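*Asks:* Take a look at this one; I'll ask things after.
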Amino acid sequence: MTHRIVVLGAGYAGANAAGRLAKRLHPADVEITLVNADPEFVERVRMHQLAAGQDLKSRALTDVFADTGVRVQLARVTSVDADRKTVDIVAADGAREIAYDTLVYALGSAAADCGVPGVAEHAYDIAGKQSALRLRERLASLGAGATVLVVGGGLTGIEAATEIAEARPDLEVTLAARGGLGDWLSEKAQQHLRKAFDRLGITVREHTDIARVQRAGAVTADGRTIPAQITIWTAGFAVHPIAAATTLQVSETGRIVVDETMRSVSHPDVYAVGDAALAPGANGDPLRMSCASGVPTAYQAADVIAARLTGRKLPRNSIGYTAQCISLGRRDAVVQWVTPDDQPKPSAVTGRAAARLKEFICKSAAWSISHPTSMLPSSRRHITAAEPNRALTA
């Protein structure tokens with residue numbers, strides 16, 4: 001009997017999981033379906049570039065997975081029944097239900113308003129392609145001297161502020177950060193970051209909490225007003241709410257709780273990868289939401305699923321971090337070396353060398369998506385368990 005594997009979401013995590021499963025398992029034994037609402041793979045790590053006016057390469061999922069054994073289903077996921085092992089979707093030809101034997105949940109995350117009034121009504125975000133395109137259109141309508149406020153001092157906020165400031169030097173760009181600018185980085189990286197912001201003319205408001213977003217700017221927690229014709233919200237991400245509506249065990253933030261094999265602790269036929277998973281990292285703390293976490297968790301889940309189905313030894317979880325890469329426009333960047341548990345080391349690469357290194361990493365990640373079955377030697381194995389579903393509970 002064919003074992004049905006359904007992968008929900010075709011971001012970095014979901015697309016990599018589907019491709020790796022196709023490479024590990026014999027097509028005569030499995031049916032792999034990849035469900036995604038967008039017909040193209042979206043390079044989410046480049047959304048700040050898209051918003052700033054740059055065009056990105058198109059990668060149609062049907063082309064990417066042609067002749068791989070992965071069936072692409074363009075549809076929106078509306079619900080998951082983890083007890084009946086079914087997924088409800090809405091496709092162009094209507095709504096229907098699909099069943100699975102193994103589910104890989106990779107629906108990812110979106111921008112979160114963090115409960116701040118006015119964010120949903122007045123702010124833009126770059127958490128997805130459509131929102132980045134809306135911001136792109138709005139930025140293009142601004143004249144010289146217009147004001148742009150980026151809220152959030154993390155990687156996304158820093159990249160958005162510097163990309164926009166470089167692409168539109170005629171704009172007045174301000175970054176509002178809850179803490180200090182890049183205060184989690186090494187001293188070398190922080191110094192370079194400040195030099196880059198000075199060079200690009202970006203105003204930084206450190207240790208600033210935003211209490212409310214308005215049509216013409218934002219109000220801080222201490223009552224000050226920061227005027228802005230555009231406010232860009234990068235202060236938080238939230239996972240898709242579908243998992244929290246199921247019987248799957250989830251965290252307070254809605255992430256699916258998994259063990260070190262990326263398998264749900266409550267439903268052994270469900271795996272979660274990427275932002276959707278609350279997965280243990282190198283020191284036991286949860287992995288952070290990032291591409292750097294998404295791809296390794298996808299590989300781990302795919303390899304574990306294949307191993308369990310084919311009766312082979314489970315791979316060891318060795319997920320850990322190496323670097324944090326922050327672009328500062330197209331010709332500058334910081335690559336901060338980190339420990340496996342994501343703590344900064346004293347060393348960092350900066351400037352053009354860092355920009356080239358980050359671009360190489362981004363291109364490599366996109367290449368792995370575009371060539372889903374080319375990264376591994378051919379090792380498609382037959383399912384050996386008499387009852388494949390039982391193999392997944394071992």
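Order determines the names: the first chain of the structure tokens is A, the second B, and so forth; residues in each chain are numbered 1 upward, and ligands are numbered 1 upward as they are shown.
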Determine, using only C-alpha atoms, which residues of region 203-250 of chain A have any atom at most 12 Å from an atom of region 161-173 of chain A, and tabulate each with its shortest atom pair and distance in Å to one decimal place, rows ordered by chain and then rising number, as a tab-separated table.
*Replies:*
```
residue	atom	partner	partner_atom	distance
A:Thr203	CA	A:Val173	CA	6.4
A:Val204	CA	A:Val173	CA	8.8
A:Arg205	CA	A:Val173	CA	11.1
A:Ile226	CA	A:Val173	CA	11.3
A:Pro227	CA	A:Glu172	CA	10.6
A:Ala228	CA	A:Val173	CA	8.8
A:Gln229	CA	A:Glu172	CA	10.0
A:Ile230	CA	A:Val173	CA	9.7
A:Thr231	CA	A:Val173	CA	10.1
A:Ile232	CA	A:Ala161	CA	9.1
A:Trp233	CA	A:Ala161	CA	11.0
A:Thr234	CA	A:Ala161	CA	10.2
```
*Asks:* List every residue of region 149-380 of chain A that DSSP, applied to the backbone of this structure, places in helix (DSSP H, G or I), and write the result as a PyMOL selection string.
*Replies:* chain A and resi 155-167+187-200+243-245+274-276+291-310+351-370
*Asks:* Write out as a PyMOL selection string each polymer residue whose atoms come within 8 Å of Asp125 (chain A), counting only C-alpha atoms; drop sequence neighbours fewer than 2 positions from it.
*Replies:* chain A and resi 111+123+127-128+131-132+135+232-234
*Asks:* For Asp332 (chain A), list every protein, DNA or RNA residue within 7 Å, evaluated using only C-alpha atoms, and leave out those in the same chain fewer than 4 positions away; present the list as a VMD selection string.
*Replies:* chain A and resid 327 to 328 351 to 352 354 to 355
*Asks:* Could those selected residues go to a file with C-alpha atoms, as an mmCIF file, in the first residue's frame?
*Replies:*
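After the write, result-v3.cif holds the following:
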```
data_model
loop_
_atom_site.group_PDB
_atom_site.id
_atom_site.type_symbol
_atom_site.label_atom_id
_atom_site.label_comp_id
_atom_site.auth_asym_id
_atom_site.auth_seq_id
_atom_site.Cartn_x
_atom_site.Cartn_y
_atom_site.Cartn_z
ATOM 1 C CA SER A 327 22.817 42.650 4.838
ATOM 2 C CA LEU A 328 23.312 46.412 5.005
ATOM 3 C CA GLY A 351 31.929 45.136 4.577
ATOM 4 C CA ARG A 352 32.048 43.913 0.977
ATOM 5 C CA ALA A 354 30.538 39.936 4.247
ATOM 6 C CA ALA A 355 28.112 41.074 1.536
#
```
*Asks:* What lies within 10 Å of region 56-67 of chain A using only C-alpha atoms, ignoring chain neighbours under 2 positions off, as a count of residues only?
*Replies:* 31
*Asks:* Write out as number ranges by chain the set of residues from region 67-191 of chain A that DSSP, computed on the backbone, places in strand (DSSP E or B).
*Replies:* A: 70-81, 86-91, 94-99, 102-105, 109-111, 123-124, 147-151, 172-176
*Asks:* Might you pull out every residue within 6 Å of region 178-183 of chain A, with only C-alpha atoms counted and same-chain residues fewer than 3 positions away left off, and present them as a list in words?
*Replies:* Gln190, Glu206, His207, Thr208 and Asp209 of chain A
*Asks:* So which one's closest to Ala177 (chain A), A:Val151, A:Val35, A:Ala365, A:Ile319? Using only C-alpha atoms, please.
*Replies:*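 Result for the nearest residue to Ala177 (chain A): A:Val151.
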*Asks:* Which is closer to Val338 (chain A) than all the others in A:Val265, A:Cys291, A:Ile126, A:Ala189, using only C-alpha atoms?
*Replies:*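 Ranked by minimum distance to Val338 (chain A), first place goes to A:Ala189.
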*Asks:* CA of Gly115 (chain A) and CA of Thr297 (chain A), how far apart in Å?
*Replies:* 29.4 Å
*Asks:* I want to know what sits within 7 Å of Val213 (chain A), based on only C-alpha atoms, with residues of the same chain fewer than 5 positions away left out; could you give that as a ChimeraX atom specification?
*Replies:* /A:117-119,122,218-219
*Asks:* For the selection you just gave me, I'd like the residues written to a file as a PDB file, in the first residue's frame, keeping N, CA and C atoms.
*Replies:*
```pdb
ATOM      1  N   PRO A 117      -1.851  48.714  19.244  1.00  0.00           N
ATOM      2  CA  PRO A 117      -2.945  49.313  18.472  1.00  0.00           C
ATOM      3  C   PRO A 117      -2.424  50.044  17.230  1.00  0.00           C
ATOM      4  N   GLY A 118      -3.175  49.916  16.147  1.00  0.00           N
ATOM      5  CA  GLY A 118      -2.871  50.647  14.926  1.00  0.00           C
ATOM      6  C   GLY A 118      -1.946  49.947  13.962  1.00  0.00           C
ATOM      7  N   VAL A 119      -1.280  48.869  14.394  1.00  0.00           N
ATOM      8  CA  VAL A 119      -0.351  48.183  13.495  1.00  0.00           C
ATOM      9  C   VAL A 119      -1.087  47.618  12.291  1.00  0.00           C
ATOM     10  N   HIS A 122      -2.440  50.634  10.043  1.00  0.00           N
ATOM     11  CA  HIS A 122      -1.592  51.681   9.476  1.00  0.00           C
ATOM     12  C   HIS A 122      -0.171  51.258   9.094  1.00  0.00           C
ATOM     13  N   ALA A 218       4.119  57.098  14.708  1.00  0.00           N
ATOM     14  CA  ALA A 218       3.948  56.211  15.860  1.00  0.00           C
ATOM     15  C   ALA A 218       4.136  56.994  17.142  1.00  0.00           C
ATOM     16  N   VAL A 219       3.528  56.492  18.204  1.00  0.00           N
ATOM     17  CA  VAL A 219       3.634  57.097  19.525  1.00  0.00           C
ATOM     18  C   VAL A 219       4.391  56.131  20.419  1.00  0.00           C
TER      19      VAL A 219
END
```
*Asks:* So the first atom is CA of Val334 (chain A) and the second is CA of Cys362 (chain A); what is the distance between them in Å, to one decimal place?
*Replies:*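 These two atoms are separated by 13.9 Å.
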*Asks:* State, in Å with one decimal place, the distance from CA of Lys345 (chain A) to CA of Gly329 (chain A).
*Replies:*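 Answer for the CA of Lys345 (chain A) to CA of Gly329 (chain A) separation: 23.5 Å.
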